[in-house]
$ cat work.cif   # mmCIF, C-alpha atoms
data_structure
loop_
_atom_site.label_atom_id
_atom_site.label_comp_id
_atom_site.auth_asym_id
_atom_site.auth_seq_id
_atom_site.Cartn_x
_atom_site.Cartn_y
_atom_site.Cartn_z
CA MET A 116 113.38 60.50 -4.29
CA LYS A 117 114.38 58.16 -1.49
CA GLU A 118 118.11 57.59 -1.39
CA GLU A 119 119.08 53.95 -1.77
CA LYS A 120 121.17 52.62 1.10
CA PRO A 121 124.67 51.33 0.35
CA GLY A 122 124.63 47.61 -0.28
CA SER A 123 120.91 47.45 -1.02
CA LYS A 124 121.63 46.71 -4.69
CA TYR A 125 123.66 43.66 -3.66
CA LYS A 126 120.92 42.50 -1.30
CA LYS A 127 118.35 42.77 -4.10
CA ALA A 128 120.63 40.89 -6.47
CA ILE A 129 121.19 38.11 -3.92
CA LYS A 130 117.46 37.91 -3.22
CA SER A 131 116.64 37.70 -6.94
CA LEU A 132 119.29 35.02 -7.42
CA ALA A 133 117.91 33.02 -4.49
CA VAL A 134 114.37 33.21 -5.94
CA LEU A 135 115.71 32.07 -9.33
CA VAL A 136 117.60 29.12 -7.79
CA ILE A 137 114.56 28.02 -5.76
CA THR A 138 112.29 28.33 -8.80
CA LEU A 139 114.65 26.25 -10.98
CA TYR A 140 114.96 23.69 -8.20
CA LEU A 141 111.18 23.33 -7.97
CA ILE A 142 110.82 23.08 -11.76
CA MET A 143 113.53 20.41 -12.00
CA SER A 144 112.09 18.54 -9.02
CA PHE A 145 108.47 18.44 -10.13
CA VAL A 146 108.08 19.36 -13.81
CA VAL A 147 111.10 18.93 -16.12
CA SER A 148 114.55 17.58 -15.40
CA ALA A 149 117.65 16.48 -17.32
CA TYR A 150 119.23 13.02 -17.46
CA ARG A 151 122.19 11.52 -19.30
CA ILE A 152 122.23 8.09 -20.95
CA PRO A 153 125.25 6.13 -19.58
CA THR A 154 124.75 2.75 -21.32
CA GLY A 155 123.70 1.32 -24.67
CA SER A 156 120.68 -0.64 -23.41
CA MET A 157 118.22 1.55 -25.35
CA GLU A 158 120.06 1.72 -28.67
CA ARG A 159 118.98 2.58 -31.32
CA THR A 160 116.30 4.71 -29.69
CA LEU A 161 118.75 6.35 -27.30
CA ARG A 162 122.53 6.46 -27.57
CA ILE A 163 125.27 6.65 -24.97
CA GLY A 164 125.89 10.32 -24.28
CA ASP A 165 122.36 11.48 -25.12
CA MET A 166 121.11 14.08 -22.63
CA LEU A 167 117.36 14.01 -22.13
CA LEU A 168 114.68 16.41 -21.02
CA VAL A 169 112.20 14.41 -18.95
CA ASN A 170 108.60 15.35 -18.22
CA LYS A 171 108.22 14.59 -14.49
CA PHE A 172 104.66 15.89 -14.34
CA ILE A 173 102.92 13.51 -16.74
CA TYR A 174 103.11 10.43 -14.50
CA GLY A 175 102.42 12.31 -11.26
CA PHE A 176 104.62 14.31 -8.92
CA ARG A 177 107.47 12.52 -7.18
CA SER A 178 109.15 14.84 -4.70
CA PRO A 179 112.95 14.69 -4.27
CA ASP A 180 114.14 11.86 -2.02
CA TRP A 181 117.71 13.11 -1.74
CA PHE A 182 119.22 16.49 -0.91
CA GLY A 183 122.84 17.41 -1.51
CA ILE A 184 125.41 18.80 -3.90
CA PRO A 185 124.35 18.15 -7.55
CA PHE A 186 126.52 15.73 -9.59
CA THR A 187 128.23 14.44 -6.42
CA GLU A 188 127.48 11.79 -3.80
CA PHE A 189 127.52 14.33 -0.97
CA GLY A 190 124.02 14.51 0.48
CA PHE A 191 121.41 12.60 2.41
CA ASP A 192 118.03 10.92 1.94
CA ILE A 193 114.89 12.88 2.76
CA PRO A 194 111.21 11.87 3.04
CA TYR A 195 109.32 12.02 -0.25
CA PHE A 196 105.82 11.63 -1.62
CA LYS A 197 104.36 10.41 -4.90
CA THR A 198 101.01 11.53 -6.27
CA PRO A 199 98.80 9.26 -8.43
CA LEU A 200 99.48 9.15 -12.16
CA PHE A 201 97.92 12.07 -14.06
CA LYS A 202 98.26 10.06 -17.27
CA SER A 203 98.40 6.30 -17.51
CA ILE A 204 101.57 4.66 -18.74
CA LYS A 205 100.95 3.10 -22.12
CA GLN A 206 102.45 -0.05 -23.52
CA GLY A 207 105.41 1.08 -25.60
CA ASP A 208 106.18 4.25 -23.61
CA VAL A 209 109.81 5.05 -22.84
CA VAL A 210 109.96 5.65 -19.08
CA VAL A 211 112.47 6.99 -16.54
CA PHE A 212 112.33 5.29 -13.13
CA LYS A 213 114.41 4.62 -10.04
CA HIS A 214 115.74 1.14 -9.29
CA PHE A 215 117.93 -0.20 -6.49
CA ASP A 216 120.99 -1.99 -7.89
CA PRO A 217 122.18 -4.51 -5.26
CA GLY A 218 125.51 -4.94 -7.08
CA MET A 219 126.32 -1.24 -6.72
CA ASN A 220 124.32 -0.95 -3.47
CA GLN A 221 122.65 2.27 -4.56
CA TRP A 222 119.57 3.70 -6.26
CA LEU A 223 120.02 4.48 -9.95
CA TYR A 224 117.92 6.17 -12.63
CA TYR A 225 117.00 3.82 -15.49
CA VAL A 226 115.48 4.50 -18.90
CA LYS A 227 113.61 1.58 -20.48
CA ARG A 228 110.55 0.86 -22.60
CA CYS A 229 107.39 -0.34 -20.87
CA VAL A 230 106.48 -3.56 -22.67
CA ALA A 231 103.73 -4.86 -20.39
CA LEU A 232 101.09 -3.30 -18.14
CA PRO A 233 99.45 -4.61 -14.95
CA GLY A 234 97.62 -7.88 -15.58
CA GLN A 235 99.44 -8.68 -18.83
CA THR A 236 101.55 -11.79 -19.29
CA VAL A 237 105.09 -11.55 -20.65
CA GLU A 238 107.02 -14.27 -22.41
CA VAL A 239 110.19 -14.27 -24.53
CA ILE A 240 110.58 -17.10 -27.04
CA ASP A 241 113.83 -17.31 -29.01
CA LYS A 242 114.37 -13.54 -28.52
CA GLU A 243 110.84 -12.67 -29.72
CA LEU A 244 108.79 -10.85 -27.10
CA TYR A 245 105.16 -11.85 -26.60
CA VAL A 246 102.59 -10.04 -24.46
CA ASP A 247 99.35 -11.93 -23.77
CA GLY A 248 100.34 -14.35 -26.52
CA ARG A 249 100.76 -11.62 -29.12
CA LYS A 250 104.05 -10.45 -30.61
CA PHE A 251 105.02 -7.16 -29.03
CA SER A 252 105.95 -5.72 -32.43
CA GLU A 253 102.33 -6.17 -33.56
CA PHE A 254 101.15 -3.82 -30.82
CA TYR A 255 102.38 -0.85 -32.82
CA ASP A 256 100.10 -1.73 -35.73
CA THR A 257 97.21 -0.26 -33.72
CA VAL A 258 98.99 2.84 -32.47
CA GLU A 259 98.39 6.20 -34.15
CA VAL A 260 101.80 7.49 -35.21
CA ASP A 261 102.25 11.06 -36.42
CA SER A 262 103.31 11.45 -40.03
CA GLY A 263 107.05 11.37 -40.46
CA THR A 264 107.96 9.56 -37.22
CA GLU A 265 109.94 6.34 -37.16
CA ASP A 266 108.42 2.90 -37.45
CA LEU A 267 108.39 1.74 -33.83
CA ARG A 268 108.35 -1.91 -34.87
CA ALA A 269 112.01 -1.54 -35.84
CA LYS A 270 113.08 -0.39 -32.37
CA ALA A 271 114.18 -3.78 -31.02
CA ARG A 272 117.85 -4.43 -31.67
CA PHE A 273 119.89 -7.63 -31.32
CA VAL A 274 123.68 -7.70 -31.20
CA ASP A 275 124.24 -11.37 -30.33
CA MET A 276 123.33 -14.05 -32.87
CA ASN A 277 123.50 -16.77 -30.20
CA ILE A 278 120.22 -17.85 -28.56
CA TYR A 279 120.09 -19.23 -25.03
CA PRO A 280 117.97 -22.41 -25.43
CA LYS A 281 114.62 -22.87 -23.72
CA GLY A 282 115.05 -24.59 -20.36
CA ALA A 283 118.54 -23.20 -19.75
CA VAL A 284 118.56 -21.15 -16.56
CA GLN A 285 120.76 -18.07 -16.75
CA PRO A 286 122.20 -16.82 -13.42
CA GLY A 287 120.55 -13.65 -12.17
CA ILE A 288 117.28 -14.06 -14.10
CA PHE A 289 114.18 -12.96 -12.15
CA GLN A 290 112.62 -15.85 -10.22
CA GLY A 291 114.80 -18.25 -12.24
CA LEU A 292 112.33 -18.03 -15.14
CA GLY A 293 114.71 -19.13 -17.89
CA ASN A 294 117.18 -16.83 -19.55
CA ARG A 295 117.63 -13.68 -21.63
CA ASP A 296 116.25 -15.19 -24.84
CA ASN A 297 113.65 -17.61 -23.44
CA PHE A 298 111.93 -16.11 -20.43
CA GLY A 299 108.63 -16.61 -18.61
CA PRO A 300 105.71 -16.69 -18.86
CA LEU A 301 105.18 -14.15 -16.08
CA THR A 302 102.10 -12.04 -15.23
CA VAL A 303 102.60 -8.42 -14.17
CA PRO A 304 100.90 -7.63 -10.81
CA GLU A 305 98.68 -4.62 -10.18
CA GLY A 306 100.49 -1.31 -9.80
CA SER A 307 103.59 -2.66 -11.56
CA TYR A 308 105.16 -2.60 -15.02
CA PHE A 309 107.56 -4.77 -17.02
CA MET A 310 110.44 -2.80 -18.57
CA MET A 311 112.90 -3.82 -21.27
CA GLY A 312 115.65 -2.10 -23.21
CA ASP A 313 115.36 -1.82 -26.99
CA ASN A 314 118.87 -3.29 -27.23
CA ARG A 315 117.54 -6.67 -26.10
CA ASP A 316 120.85 -8.56 -25.93
CA ASN A 317 122.57 -5.83 -23.94
CA SER A 318 119.96 -4.65 -21.45
CA TYR A 319 119.78 -5.17 -17.70
CA ASP A 320 116.02 -4.98 -17.27
CA SER A 321 112.90 -6.62 -15.82
CA ARG A 322 114.06 -10.01 -17.07
CA PHE A 323 116.75 -9.78 -14.40
CA TRP A 324 115.35 -7.70 -11.53
CA GLY A 325 111.58 -7.88 -11.93
CA PHE A 326 108.84 -5.27 -11.92
CA VAL A 327 108.82 -1.49 -11.52
CA THR A 328 106.07 -0.19 -9.23
CA GLU A 329 104.29 3.14 -9.69
CA GLU A 330 106.06 4.47 -6.61
CA PHE A 331 109.37 4.61 -8.45
CA ILE A 332 108.18 6.01 -11.80
CA VAL A 333 109.92 9.35 -12.40
CA GLY A 334 108.73 10.57 -15.80
CA LYS A 335 108.70 10.33 -19.57
CA PRO A 336 111.61 11.47 -21.77
CA ILE A 337 110.60 14.20 -24.20
CA MET A 338 113.61 14.95 -26.36
CA VAL A 339 117.39 14.87 -26.66
CA TYR A 340 118.65 18.38 -25.92
CA PHE A 341 122.33 17.51 -26.36
CA SER A 342 124.42 14.47 -27.32
CA PHE A 343 128.12 13.85 -26.92
CA ASP A 344 130.26 10.96 -28.19
CA SER A 345 132.84 10.33 -25.45
CA GLU A 346 135.02 8.26 -27.78
CA TYR A 347 136.37 11.49 -29.25
CA PRO A 348 139.24 13.21 -27.38
CA ILE A 349 138.53 16.55 -25.75
CA THR A 350 140.66 18.23 -28.40
CA LYS A 351 138.01 17.26 -30.98
CA PHE A 352 135.09 18.53 -28.92
CA TRP A 353 133.12 19.88 -31.89
CA LYS A 354 133.37 16.57 -33.73
CA ALA A 355 132.16 14.73 -30.63
CA ILE A 356 128.87 16.63 -30.61
CA ARG A 357 126.15 14.68 -32.37
CA TRP A 358 124.43 17.63 -34.03
CA ASP A 359 121.81 15.43 -35.69
CA ARG A 360 120.65 14.16 -32.27
CA ILE A 361 119.91 17.61 -30.82
CA GLY A 362 116.17 18.18 -30.83
CA TYR A 363 115.38 14.50 -31.48
CA PHE A 364 111.92 13.68 -30.06
CA ILE A 365 111.77 10.30 -28.36
CA GLN A 366 109.23 7.74 -29.59
#
$ encode --input "work.cif" --output "structure tokens"
Amino acid sequence: MKEEKPGSKYKKAIKSLAVLVITLYLIMSFVVSAYRIPTGSMERTLRIGDMLLVNKFIYGFRSPDWFGIPFTEFGFDIPYFKTPLFKSIKQGDVVVFKHFDPGMNQWLYYVKRCVALPGQTVEVIDKELYVDGRKFSEFYDTVEVDSGTEDLRAKARFVDMNIYPKGAVQPGIFQGLGNRDNFGPLTVPEGSYFMMGDNRDNSYDSRFWGFVTEEFIVGKPIMVYFSFDSEYPITKFWKAIRWDRIGYFIQ
């Protein structure tokens, strides 16, 4: 038997670890990645503290555009590419995408529901969303929903009983087309999508900053793999875990 040189075990271990790290990096960059929900704009569908597994393959590959130390701001932008969509985005899909926030002067990951596709016309009348003149809630009447899943028509949530009147222009609204509760009409251009949060009164979405183009689509959330309520102190860690949210499949 050939005698193993001193230190060769460590070299093999380091090599195996490097292969594992590179493999995980490629998987998280192109196939599946994890994201955390920081705001309540998608309640009740998604809650603050939900941690999501996102399918980054379904809407086409988007290579990393930033390289650096994970969970920090230390890094730099790198060239990226985006392949065509392998599967078309459907009206009603929950989507993860990148958006530049001028207020924070940085790119952020957003999670919203796609409410209108290219060529469709969006209008909000007294908080009710209409797409091509049809109530958005009625869209789900024609969707095949697996037995036992939630009624998607109940997803929209309103936390403010006040209604901004038609004709009142709210500062920051996209193209000055009204306000949060009475918006549009506006037609979605080709290659773009109109996104809104399910928590309609508390969502910074396409009503404010416009369309999302295919270039910035990242993927589709699959499930909640962990959920943590930050209102609990660290000493009550086990109570802060939302056990009923773990394994929740996103509709």
$ residues_around --input "work.cif" --residues "Ser318 in chain A" --least-positions-apart "5" --cutoff "8 Å" --atoms "all atoms listed in the file" --output "list in words"
Gly155, Ser156, Met157, Met311, Gly312 and Asp313 of chain A
$ residues_near_point --input "work.cif" --point "(106.8, -15.3, -23.1)" --cutoff "8 Å" --atoms "all atoms listed in the file" --output "CSV table (one decimal) with C-alpha atoms, in the frame of the given file"
chain,number,residue,atom,x,y,z
A,236,THR,CA,101.6,-11.8,-19.3
A,237,VAL,CA,105.1,-11.6,-20.6
A,238,GLU,CA,107.0,-14.3,-22.4
A,239,VAL,CA,110.2,-14.3,-24.5
A,240,ILE,CA,110.6,-17.1,-27.0
A,244,LEU,CA,108.8,-10.8,-27.1
A,245,TYR,CA,105.2,-11.8,-26.6
A,246,VAL,CA,102.6,-10.0,-24.5
A,248,GLY,CA,100.3,-14.4,-26.5
A,297,ASN,CA,113.6,-17.6,-23.4
A,298,PHE,CA,111.9,-16.1,-20.4
A,299,GLY,CA,108.6,-16.6,-18.6
A,300,PRO,CA,105.7,-16.7,-18.9
A,301,LEU,CA,105.2,-14.2,-16.1
$ resolve_selection --input "work.cif" --expression "the PyMOL selection byres ((chain A and resi 272) around 8)" --output "short mmCIF file (atom, residue, chain, number, x, y, z; two decimals) with C-alpha atoms, in the frame of the given file"
data_model
loop_
_atom_site.label_atom_id
_atom_site.label_comp_id
_atom_site.auth_asym_id
_atom_site.auth_seq_id
_atom_site.Cartn_x
_atom_site.Cartn_y
_atom_site.Cartn_z
CA GLU A 158 120.06 1.72 -28.67
CA ARG A 159 118.98 2.58 -31.32
CA ALA A 269 112.01 -1.54 -35.84
CA LYS A 270 113.08 -0.39 -32.37
CA ALA A 271 114.18 -3.78 -31.02
CA PHE A 273 119.89 -7.63 -31.32
CA VAL A 274 123.68 -7.70 -31.20
CA ASP A 313 115.36 -1.82 -26.99
CA ASN A 314 118.87 -3.29 -27.23
CA ARG A 315 117.54 -6.67 -26.10
CA ASP A 316 120.85 -8.56 -25.93
#
$ closest_residue --input "work.cif" --among "A:Tyr195, A:Tyr308, A:Phe172, A:Phe189" --to "Asp208 in chain A" --atoms "all atoms listed in the file"
A:Tyr308
$ residues_around --input "work.cif" --residues "Ile173 in chain A" --least-positions-apart "4" --cutoff "7 Å" --atoms "only C-alpha atoms" --output "list of chain:residue names"
A:Phe201, A:Lys202, A:Gly334
$ resolve_selection --input "work.cif" --expression "the PyMOL selection byres ((chain A and resi 207) around 8)" --output "list in words"
Lys205, Gln206, Asp208, Val209, Arg228, Cys229 and Val230 of chain A
$ residues_around --input "work.cif" --residues "Pro199 in chain A" --least-positions-apart "2" --cutoff "8 Å" --atoms "all atoms listed in the file" --output "list in words"
Tyr174, Gly175, Phe176, Lys197 and Phe201 of chain A
$ atom_distance --input "work.cif" --atom1 "CA of Trp358 in chain A" --atom2 "CA of Asn170 in chain A"
22.5 Å
$ atom_distance --input "work.cif" --atom1 "CA of Trp324 in chain A" --atom2 "CA of Leu161 in chain A"
21.4 Å
$ closest_residue --input "work.cif" --among "A:Val226, A:Ala231, A:Ile288, A:Ile204" --to "Thr154 in chain A" --atoms "only C-alpha atoms"
A:Val226
$ build_atoms --input "work.cif" --residues "range 336-365 of chain A" --atoms "N, CA and C atoms" --output "compact mmCIF listing (two decimals), in the frame of the given file"
# COMPACT_ATOMS: atom_id res chain seq x y z
N PRO A 336 110.69 10.66 -20.98
CA PRO A 336 111.61 11.47 -21.77
C PRO A 336 110.89 12.16 -22.93
N ILE A 337 111.23 13.43 -23.14
CA ILE A 337 110.60 14.20 -24.20
C ILE A 337 111.49 14.27 -25.43
N MET A 338 112.71 14.74 -25.23
CA MET A 338 113.61 14.95 -26.36
C MET A 338 115.07 14.92 -25.91
N VAL A 339 115.95 14.77 -26.89
CA VAL A 339 117.39 14.87 -26.66
C VAL A 339 117.78 16.33 -26.85
N TYR A 340 118.27 16.97 -25.79
CA TYR A 340 118.65 18.38 -25.92
C TYR A 340 120.14 18.56 -26.22
N PHE A 341 120.91 17.47 -26.02
CA PHE A 341 122.33 17.51 -26.36
C PHE A 341 122.83 16.07 -26.42
N SER A 342 123.86 15.82 -27.22
CA SER A 342 124.42 14.47 -27.32
C SER A 342 125.91 14.57 -27.59
N PHE A 343 126.66 13.76 -26.85
CA PHE A 343 128.12 13.85 -26.92
C PHE A 343 128.72 12.46 -27.01
N ASP A 344 129.59 12.24 -28.01
CA ASP A 344 130.26 10.96 -28.19
C ASP A 344 131.58 10.99 -27.44
N SER A 345 131.66 10.29 -26.32
CA SER A 345 132.84 10.33 -25.45
C SER A 345 134.05 9.62 -26.03
N GLU A 346 133.88 8.93 -27.17
CA GLU A 346 135.02 8.26 -27.78
C GLU A 346 135.99 9.25 -28.42
N TYR A 347 135.49 10.45 -28.70
CA TYR A 347 136.37 11.49 -29.25
C TYR A 347 137.17 12.14 -28.14
N PRO A 348 138.45 12.49 -28.39
CA PRO A 348 139.24 13.21 -27.38
C PRO A 348 138.70 14.62 -27.21
N ILE A 349 139.02 15.21 -26.07
CA ILE A 349 138.53 16.55 -25.75
C ILE A 349 139.01 17.58 -26.75
N THR A 350 140.13 17.30 -27.40
CA THR A 350 140.66 18.23 -28.40
C THR A 350 139.80 18.29 -29.66
N LYS A 351 138.92 17.28 -29.83
CA LYS A 351 138.01 17.26 -30.98
C LYS A 351 136.57 17.39 -30.48
N PHE A 352 136.38 18.33 -29.57
CA PHE A 352 135.09 18.53 -28.92
C PHE A 352 133.95 18.73 -29.91
N TRP A 353 134.19 19.56 -30.94
CA TRP A 353 133.12 19.88 -31.89
C TRP A 353 132.73 18.67 -32.74
N LYS A 354 133.69 17.78 -32.99
CA LYS A 354 133.37 16.57 -33.73
C LYS A 354 132.60 15.58 -32.86
N ALA A 355 132.82 15.65 -31.55
CA ALA A 355 132.16 14.73 -30.63
C ALA A 355 130.68 15.04 -30.45
N ILE A 356 130.28 16.27 -30.75
CA ILE A 356 128.87 16.63 -30.61
C ILE A 356 128.06 16.01 -31.73
N ARG A 357 127.03 15.28 -31.37
CA ARG A 357 126.15 14.68 -32.37
C ARG A 357 125.07 15.71 -32.72
N TRP A 358 125.35 16.54 -33.69
CA TRP A 358 124.43 17.63 -34.03
C TRP A 358 123.08 17.12 -34.49
N ASP A 359 123.08 15.96 -35.17
CA ASP A 359 121.81 15.43 -35.69
C ASP A 359 120.90 14.89 -34.59
N ARG A 360 121.45 14.68 -33.37
CA ARG A 360 120.65 14.16 -32.27
C ARG A 360 119.94 15.28 -31.50
N ILE A 361 120.47 16.50 -31.58
CA ILE A 361 119.91 17.61 -30.82
C ILE A 361 118.51 17.94 -31.34
N GLY A 362 117.55 17.92 -30.45
CA GLY A 362 116.17 18.18 -30.83
C GLY A 362 115.40 16.94 -31.25
N TYR A 363 116.03 15.76 -31.11
CA TYR A 363 115.38 14.50 -31.48
C TYR A 363 114.28 14.15 -30.46
N PHE A 364 113.04 14.02 -30.93
CA PHE A 364 111.92 13.68 -30.06
C PHE A 364 111.83 12.17 -29.90
N ILE A 365 111.69 11.72 -28.68
CA ILE A 365 111.77 10.30 -28.36
C ILE A 365 110.42 9.62 -28.58
